[in-house]
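One file, data-v4.cif, is given below (mmCIF, N, CA and C atoms).
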data_work
#
loop_
_atom_site.label_atom_id
_atom_site.label_comp_id
_atom_site.auth_asym_id
_atom_site.auth_seq_id
_atom_site.Cartn_x
_atom_site.Cartn_y
_atom_site.Cartn_z
N MET M 1 -15.93 160.02 108.39
CA MET M 1 -14.70 160.63 108.86
C MET M 1 -14.97 161.33 110.19
N THR M 2 -14.16 161.08 111.16
CA THR M 2 -14.34 161.70 112.47
C THR M 2 -13.84 163.14 112.45
N ALA M 3 -14.12 163.85 113.51
CA ALA M 3 -13.72 165.25 113.59
C ALA M 3 -12.21 165.41 113.65
N THR M 4 -11.50 164.42 114.19
CA THR M 4 -10.05 164.53 114.32
C THR M 4 -9.31 163.96 113.11
N ALA M 5 -9.97 163.17 112.28
CA ALA M 5 -9.30 162.60 111.11
C ALA M 5 -9.13 163.67 110.05
N ARG M 6 -7.98 163.63 109.37
CA ARG M 6 -7.78 164.58 108.30
C ARG M 6 -7.60 163.85 106.99
N LYS M 7 -7.90 164.55 105.94
CA LYS M 7 -7.77 163.98 104.62
C LYS M 7 -6.29 163.79 104.30
N ALA M 8 -5.96 162.68 103.69
CA ALA M 8 -4.56 162.40 103.34
C ALA M 8 -4.09 163.41 102.30
N ILE M 9 -2.86 163.85 102.45
CA ILE M 9 -2.25 164.78 101.51
C ILE M 9 -1.57 163.97 100.42
N ARG M 10 -1.93 164.24 99.17
CA ARG M 10 -1.31 163.52 98.05
C ARG M 10 0.08 164.08 97.80
N LEU M 11 1.07 163.19 97.79
CA LEU M 11 2.45 163.59 97.54
C LEU M 11 3.04 162.73 96.44
N SER M 12 3.73 163.37 95.50
CA SER M 12 4.43 162.63 94.46
C SER M 12 5.69 162.02 95.07
N PRO M 13 6.32 161.05 94.40
CA PRO M 13 7.56 160.48 94.94
C PRO M 13 8.65 161.51 95.24
N PRO M 14 8.90 162.53 94.37
CA PRO M 14 9.91 163.53 94.74
C PRO M 14 9.51 164.35 95.96
N MET M 15 8.21 164.65 96.11
CA MET M 15 7.76 165.41 97.28
C MET M 15 7.93 164.57 98.55
N LEU M 16 7.63 163.30 98.48
CA LEU M 16 7.81 162.42 99.63
C LEU M 16 9.29 162.30 100.00
N GLU M 17 10.15 162.23 98.99
CA GLU M 17 11.59 162.16 99.24
C GLU M 17 12.09 163.42 99.93
N LEU M 18 11.66 164.59 99.46
CA LEU M 18 12.09 165.84 100.08
C LEU M 18 11.49 165.99 101.48
N LEU M 19 10.24 165.58 101.67
CA LEU M 19 9.64 165.61 103.01
C LEU M 19 10.45 164.73 103.97
N THR M 20 10.86 163.57 103.50
CA THR M 20 11.69 162.68 104.32
C THR M 20 13.00 163.37 104.69
N ASP M 21 13.63 164.01 103.71
CA ASP M 21 14.91 164.69 103.97
C ASP M 21 14.77 165.80 104.99
N ILE M 22 13.72 166.63 104.85
CA ILE M 22 13.60 167.74 105.80
C ILE M 22 13.06 167.28 107.15
N ALA M 23 12.47 166.09 107.21
CA ALA M 23 12.02 165.55 108.49
C ALA M 23 13.19 165.04 109.32
N ILE M 24 14.25 164.57 108.66
CA ILE M 24 15.37 164.01 109.42
C ILE M 24 16.56 164.96 109.52
N LYS M 25 16.47 166.12 108.86
CA LYS M 25 17.54 167.14 108.96
C LYS M 25 16.89 168.43 109.42
N PRO M 26 17.57 169.19 110.27
CA PRO M 26 16.95 170.41 110.79
C PRO M 26 16.69 171.47 109.70
N GLN M 27 17.55 171.51 108.69
CA GLN M 27 17.40 172.51 107.64
C GLN M 27 18.11 172.01 106.39
N MET M 28 17.50 172.24 105.25
CA MET M 28 18.12 171.87 103.97
C MET M 28 18.28 173.12 103.13
N TYR M 29 19.29 173.13 102.27
CA TYR M 29 19.48 174.24 101.35
C TYR M 29 19.12 173.79 99.95
N ILE M 30 18.31 174.58 99.28
CA ILE M 30 17.80 174.28 97.95
C ILE M 30 18.34 175.32 96.98
N THR M 31 18.78 174.89 95.81
CA THR M 31 19.25 175.79 94.77
C THR M 31 18.06 176.27 93.95
N ARG M 32 17.98 177.57 93.74
CA ARG M 32 16.89 178.15 92.95
C ARG M 32 16.88 177.58 91.54
N GLY M 33 15.70 177.36 91.00
CA GLY M 33 15.55 176.92 89.62
C GLY M 33 15.80 175.43 89.40
N SER M 34 16.18 174.71 90.43
CA SER M 34 16.42 173.28 90.29
C SER M 34 15.10 172.52 90.41
N ARG M 35 15.15 171.25 90.08
CA ARG M 35 13.97 170.40 90.25
C ARG M 35 13.53 170.40 91.71
N TRP M 36 14.49 170.42 92.62
CA TRP M 36 14.16 170.41 94.05
C TRP M 36 13.51 171.71 94.48
N SER M 37 13.84 172.80 93.78
CA SER M 37 13.20 174.07 94.10
C SER M 37 11.71 174.01 93.77
N ARG M 38 11.36 173.42 92.65
CA ARG M 38 9.95 173.26 92.30
C ARG M 38 9.25 172.31 93.27
N THR M 39 9.95 171.26 93.66
CA THR M 39 9.39 170.31 94.63
C THR M 39 9.20 170.99 95.99
N ALA M 40 10.18 171.80 96.40
CA ALA M 40 10.06 172.53 97.66
C ALA M 40 8.86 173.47 97.61
N GLY M 41 8.65 174.12 96.47
CA GLY M 41 7.50 175.00 96.31
C GLY M 41 6.18 174.26 96.49
N ALA M 42 6.12 173.03 96.00
CA ALA M 42 4.91 172.22 96.16
C ALA M 42 4.68 171.87 97.63
N LEU M 43 5.75 171.56 98.37
CA LEU M 43 5.60 171.28 99.81
C LEU M 43 5.16 172.54 100.56
N ILE M 44 5.72 173.69 100.16
CA ILE M 44 5.35 174.96 100.80
C ILE M 44 3.87 175.25 100.53
N ASP M 45 3.43 175.04 99.30
CA ASP M 45 2.03 175.28 98.94
C ASP M 45 1.08 174.41 99.76
N ARG M 46 1.51 173.22 100.13
CA ARG M 46 0.68 172.31 100.93
C ARG M 46 0.83 172.54 102.43
N GLY M 47 1.69 173.49 102.82
CA GLY M 47 1.87 173.81 104.22
C GLY M 47 2.78 172.85 104.97
N LEU M 48 3.55 172.03 104.25
CA LEU M 48 4.41 171.03 104.89
C LEU M 48 5.82 171.54 105.14
N ALA M 49 6.20 172.63 104.48
CA ALA M 49 7.54 173.19 104.62
C ALA M 49 7.45 174.71 104.57
N VAL M 50 8.51 175.36 105.01
CA VAL M 50 8.54 176.82 105.04
C VAL M 50 9.98 177.29 104.79
N ILE M 51 10.09 178.47 104.19
CA ILE M 51 11.40 179.12 104.06
C ILE M 51 11.52 180.05 105.26
N PRO M 52 12.56 179.88 106.08
CA PRO M 52 12.71 180.76 107.24
C PRO M 52 12.77 182.23 106.81
N ARG M 53 12.21 183.08 107.62
CA ARG M 53 12.14 184.50 107.30
C ARG M 53 13.52 185.09 107.01
N GLY M 54 13.60 185.90 105.96
CA GLY M 54 14.85 186.57 105.61
C GLY M 54 15.87 185.67 104.96
N ASN M 55 15.44 184.52 104.44
CA ASN M 55 16.38 183.56 103.91
C ASN M 55 16.13 183.25 102.44
N TYR M 56 15.55 184.20 101.68
CA TYR M 56 15.23 183.90 100.30
C TYR M 56 16.00 184.77 99.32
N GLY M 57 17.20 185.19 99.67
CA GLY M 57 18.05 185.94 98.74
C GLY M 57 19.23 185.09 98.34
N GLY M 58 19.69 185.25 97.13
CA GLY M 58 20.85 184.50 96.68
C GLY M 58 20.48 183.25 95.92
N PRO M 59 21.49 182.49 95.50
CA PRO M 59 21.23 181.30 94.66
C PRO M 59 20.65 180.11 95.42
N GLN M 60 20.77 180.11 96.73
CA GLN M 60 20.22 179.02 97.54
C GLN M 60 19.35 179.59 98.64
N TYR M 61 18.43 178.76 99.13
CA TYR M 61 17.61 179.17 100.26
C TYR M 61 17.41 177.97 101.17
N ALA M 62 17.13 178.28 102.44
CA ALA M 62 16.92 177.23 103.43
C ALA M 62 15.46 176.77 103.40
N LEU M 63 15.26 175.54 103.77
CA LEU M 63 13.92 174.96 103.82
C LEU M 63 13.80 174.18 105.13
N ARG M 64 12.71 174.42 105.86
CA ARG M 64 12.45 173.72 107.13
C ARG M 64 11.06 173.13 107.10
N ILE M 65 10.89 172.09 107.89
CA ILE M 65 9.60 171.42 107.99
C ILE M 65 8.69 172.19 108.95
N THR M 66 7.40 172.18 108.69
CA THR M 66 6.42 172.81 109.58
C THR M 66 5.83 171.75 110.51
N ASP M 67 5.03 172.20 111.46
CA ASP M 67 4.36 171.25 112.36
C ASP M 67 3.44 170.31 111.58
N GLU M 68 2.75 170.87 110.58
CA GLU M 68 1.90 170.03 109.75
C GLU M 68 2.73 169.02 108.96
N GLY M 69 3.92 169.45 108.52
CA GLY M 69 4.82 168.53 107.83
C GLY M 69 5.30 167.41 108.74
N ARG M 70 5.59 167.75 110.00
CA ARG M 70 5.98 166.72 110.98
C ARG M 70 4.86 165.72 111.20
N ALA M 71 3.63 166.22 111.28
CA ALA M 71 2.48 165.34 111.48
C ALA M 71 2.31 164.41 110.27
N GLU M 72 2.46 164.95 109.07
CA GLU M 72 2.33 164.14 107.86
C GLU M 72 3.44 163.10 107.79
N ALA M 73 4.66 163.50 108.15
CA ALA M 73 5.79 162.56 108.15
C ALA M 73 5.54 161.44 109.16
N ALA M 74 5.04 161.79 110.34
CA ALA M 74 4.74 160.78 111.36
C ALA M 74 3.64 159.85 110.88
N ARG M 75 2.64 160.40 110.22
CA ARG M 75 1.55 159.58 109.70
C ARG M 75 2.05 158.57 108.67
N ARG M 76 3.08 158.96 107.93
CA ARG M 76 3.66 158.09 106.91
C ARG M 76 4.78 157.19 107.46
N GLY M 77 5.06 157.30 108.75
CA GLY M 77 6.06 156.44 109.36
C GLY M 77 7.50 156.89 109.16
N ILE M 78 7.69 158.17 108.85
CA ILE M 78 9.04 158.71 108.67
C ILE M 78 9.56 159.13 110.04
N ALA M 79 10.69 158.57 110.42
CA ALA M 79 11.29 158.89 111.72
C ALA M 79 11.92 160.29 111.66
N GLU M 80 11.69 161.06 112.71
CA GLU M 80 12.23 162.41 112.76
C GLU M 80 13.42 162.45 113.72
N VAL M 81 14.49 163.08 113.29
CA VAL M 81 15.66 163.28 114.15
C VAL M 81 15.54 164.65 114.76
N GLN M 82 15.67 164.74 116.06
CA GLN M 82 15.58 166.03 116.75
C GLN M 82 16.87 166.81 116.56
N PRO M 83 16.78 168.12 116.25
CA PRO M 83 17.98 168.96 116.06
C PRO M 83 18.75 169.15 117.36
#

This structure in structure tokens:
Amino acid sequence: MTATARKAIRLSPPMLELLTDIAIKPQMYITRGSRWSRTAGALIDRGLAVIPRGNYGGPQYALRITDEGRAEAARRGIAEVQP
């Protein structure tokens, strides 16, 4: 492995689906306690997504892709739409 190569991040099908969604949309809203909320948590734990600061109150919260998430999406061939 070269110095610039990184280890592939393992993603389940729901995580890949959500990564695709946040890669092509500037921001997504997730309902707390839903299956997507758990999936969003897994992406956040891997550093691929983030909850914007001050946006975690109430029944829904916003989710945005990180730079690392953009790189992973590009590596997987997911086209990104610019906001």

Evaluate the PyMOL selection byres ((chain M and resi 17-20) around 8) and record the selected residues as a ChimeraX atom specification, following the chain and residue labels used in the document.
/M:11-16,21-25,36,39-40,43,48-49,65,69,73,78-79

Atomic distance atom CA of M:Gly58 - atom CA of M:Met28, expressed in Å with one decimal
14.8 Å

To one decimal place in Å, what is the distance between atom CA of M:Val50 and atom CA of M:Arg10?
18.0 Å

Report, in Å with one decimal, the straight-line distance from atom N of M:Ile30 to atom CA of M:Ala8.
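Value for the atom N of M:Ile30-atom CA of M:Ala8 distance: 26.2 Å.
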
Secondary structure check, strand (DSSP E or B) residues of chain M, as a list in words:
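Answer for chain M, restricted to strand (DSSP E or B): Met28, Tyr29, Ile30, Thr31, Ala49, Val50, Gln60, Tyr61, Ala62, Leu63, Arg64 and Ile65 of chain M.
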
Which is closer to M:Pro52 than all the others in M:Arg35, M:Gly77, M:Gln27, M:Lys7, using only C-alpha atoms?
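The shortest atom-to-atom distance to M:Pro52 comes from M:Gln27.
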
Which residue is closest to M:Ile9? Choose from M:Leu63, M:Glu72, M:Ile51, M:Ile44 and count all atoms listed in the file.
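Among the listed residues, the smallest separation from M:Ile9 belongs to M:Glu72.
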